[in-house]
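The structure appears right after this line, and notes come after that.
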Amino acid sequence: MILLTTGLRLAKLVPVWVPVAAIVMVVANFIGGIPAGAVQLLAAIATFGPMVVLLMRKKDAEAAAA
């Protein structure tokens with residue numbers, strides 16, 4: 001996940017905080033507990049949200065071009 005978000009950031013396709021949120025998500029996964037679970041949930045939303053938006057934009061652009 002960290003490599004994917006870093007690559008998308010290097011391609012300037014996602015905001016800079018997406019790889020940071022991916023790192024927070026991985027670290028919270030190793031800690032455990034209820035507070036870490038809540039942090040991991042928020043970090044997962046912050047990580048996957050922009051990636052979903054990116055894929056939807058790409059899909060819409062391909063449909064418009066066809």
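Here, A, B, ... name the chains of the structure tokens in the order displayed, residue numbers run from 1 inside each chain, and ligands are numbered from 1 in the same displayed order.
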(Q) Can you pull out every residue from chain A that DSSP, working from the backbone, puts in helix (DSSP H, G or I), and format the result as a VMD selection string? (A) chain A and resid 2 to 10 17 to 31 34 to 65
Could you please take those selected residues and save C-alpha atoms as an mmCIF file, in the first residue's frame?
data_model
loop_
_atom_site.group_PDB
_atom_site.id
_atom_site.type_symbol
_atom_site.label_atom_id
_atom_site.label_comp_id
_atom_site.auth_asym_id
_atom_site.auth_seq_id
_atom_site.Cartn_x
_atom_site.Cartn_y
_atom_site.Cartn_z
ATOM 1 C CA ILE A 2 2.799 2.402 0.837
ATOM 2 C CA LEU A 3 4.547 1.699 -2.475
ATOM 3 C CA LEU A 4 1.327 2.152 -4.439
ATOM 4 C CA THR A 5 0.502 5.499 -2.864
ATOM 5 C CA THR A 6 4.102 6.670 -3.177
ATOM 6 C CA GLY A 7 4.106 5.801 -6.860
ATOM 7 C CA LEU A 8 0.821 7.600 -7.410
ATOM 8 C CA ARG A 9 2.262 10.602 -5.592
ATOM 9 C CA LEU A 10 5.415 10.589 -7.715
ATOM 10 C CA TRP A 17 -1.082 13.405 2.345
ATOM 11 C CA VAL A 18 -2.193 10.109 0.760
ATOM 12 C CA PRO A 19 1.178 8.319 1.244
ATOM 13 C CA VAL A 20 1.361 9.763 4.760
ATOM 14 C CA ALA A 21 -2.099 8.371 5.529
ATOM 15 C CA ALA A 22 -0.992 4.983 4.156
ATOM 16 C CA ILE A 23 1.989 4.959 6.534
ATOM 17 C CA VAL A 24 -0.260 5.906 9.466
ATOM 18 C CA MET A 25 -2.656 3.108 8.485
ATOM 19 C CA VAL A 26 0.133 0.501 8.455
ATOM 20 C CA VAL A 27 1.582 1.663 11.780
ATOM 21 C CA ALA A 28 -1.864 1.690 13.430
ATOM 22 C CA ASN A 29 -2.391 -1.858 12.184
ATOM 23 C CA PHE A 30 0.644 -3.057 14.137
ATOM 24 C CA ILE A 31 -0.236 -1.223 17.367
ATOM 25 C CA ILE A 34 -9.535 0.650 20.010
ATOM 26 C CA PRO A 35 -7.854 4.065 19.560
ATOM 27 C CA ALA A 36 -5.443 2.652 16.995
ATOM 28 C CA GLY A 37 -8.372 0.998 15.223
ATOM 29 C CA ALA A 38 -10.161 4.336 14.975
ATOM 30 C CA VAL A 39 -7.010 5.992 13.643
ATOM 31 C CA GLN A 40 -6.585 3.160 11.148
ATOM 32 C CA LEU A 41 -10.168 3.583 9.932
ATOM 33 C CA LEU A 42 -9.678 7.303 9.366
ATOM 34 C CA ALA A 43 -6.342 6.698 7.648
ATOM 35 C CA ALA A 44 -7.906 4.050 5.394
ATOM 36 C CA ILE A 45 -10.614 6.497 4.327
ATOM 37 C CA ALA A 46 -7.989 9.186 3.715
ATOM 38 C CA THR A 47 -5.912 6.720 1.684
ATOM 39 C CA PHE A 48 -8.538 4.960 -0.397
ATOM 40 C CA GLY A 49 -10.866 7.944 -0.913
ATOM 41 C CA PRO A 50 -8.586 9.872 -3.289
ATOM 42 C CA MET A 51 -7.595 6.662 -5.079
ATOM 43 C CA VAL A 52 -11.273 5.863 -5.754
ATOM 44 C CA VAL A 53 -11.834 9.403 -7.022
ATOM 45 C CA LEU A 54 -8.787 9.042 -9.278
ATOM 46 C CA LEU A 55 -10.099 5.789 -10.762
ATOM 47 C CA MET A 56 -13.580 7.220 -11.282
ATOM 48 C CA ARG A 57 -12.168 10.271 -13.084
ATOM 49 C CA LYS A 58 -10.058 8.040 -15.301
ATOM 50 C CA LYS A 59 -13.084 5.852 -16.085
ATOM 51 C CA ASP A 60 -15.191 8.906 -16.964
ATOM 52 C CA ALA A 61 -12.430 10.276 -19.198
ATOM 53 C CA GLU A 62 -12.137 6.967 -21.048
ATOM 54 C CA ALA A 63 -15.913 6.799 -21.528
ATOM 55 C CA ALA A 64 -15.987 10.344 -22.890
ATOM 56 C CA ALA A 65 -13.160 9.592 -25.319
#
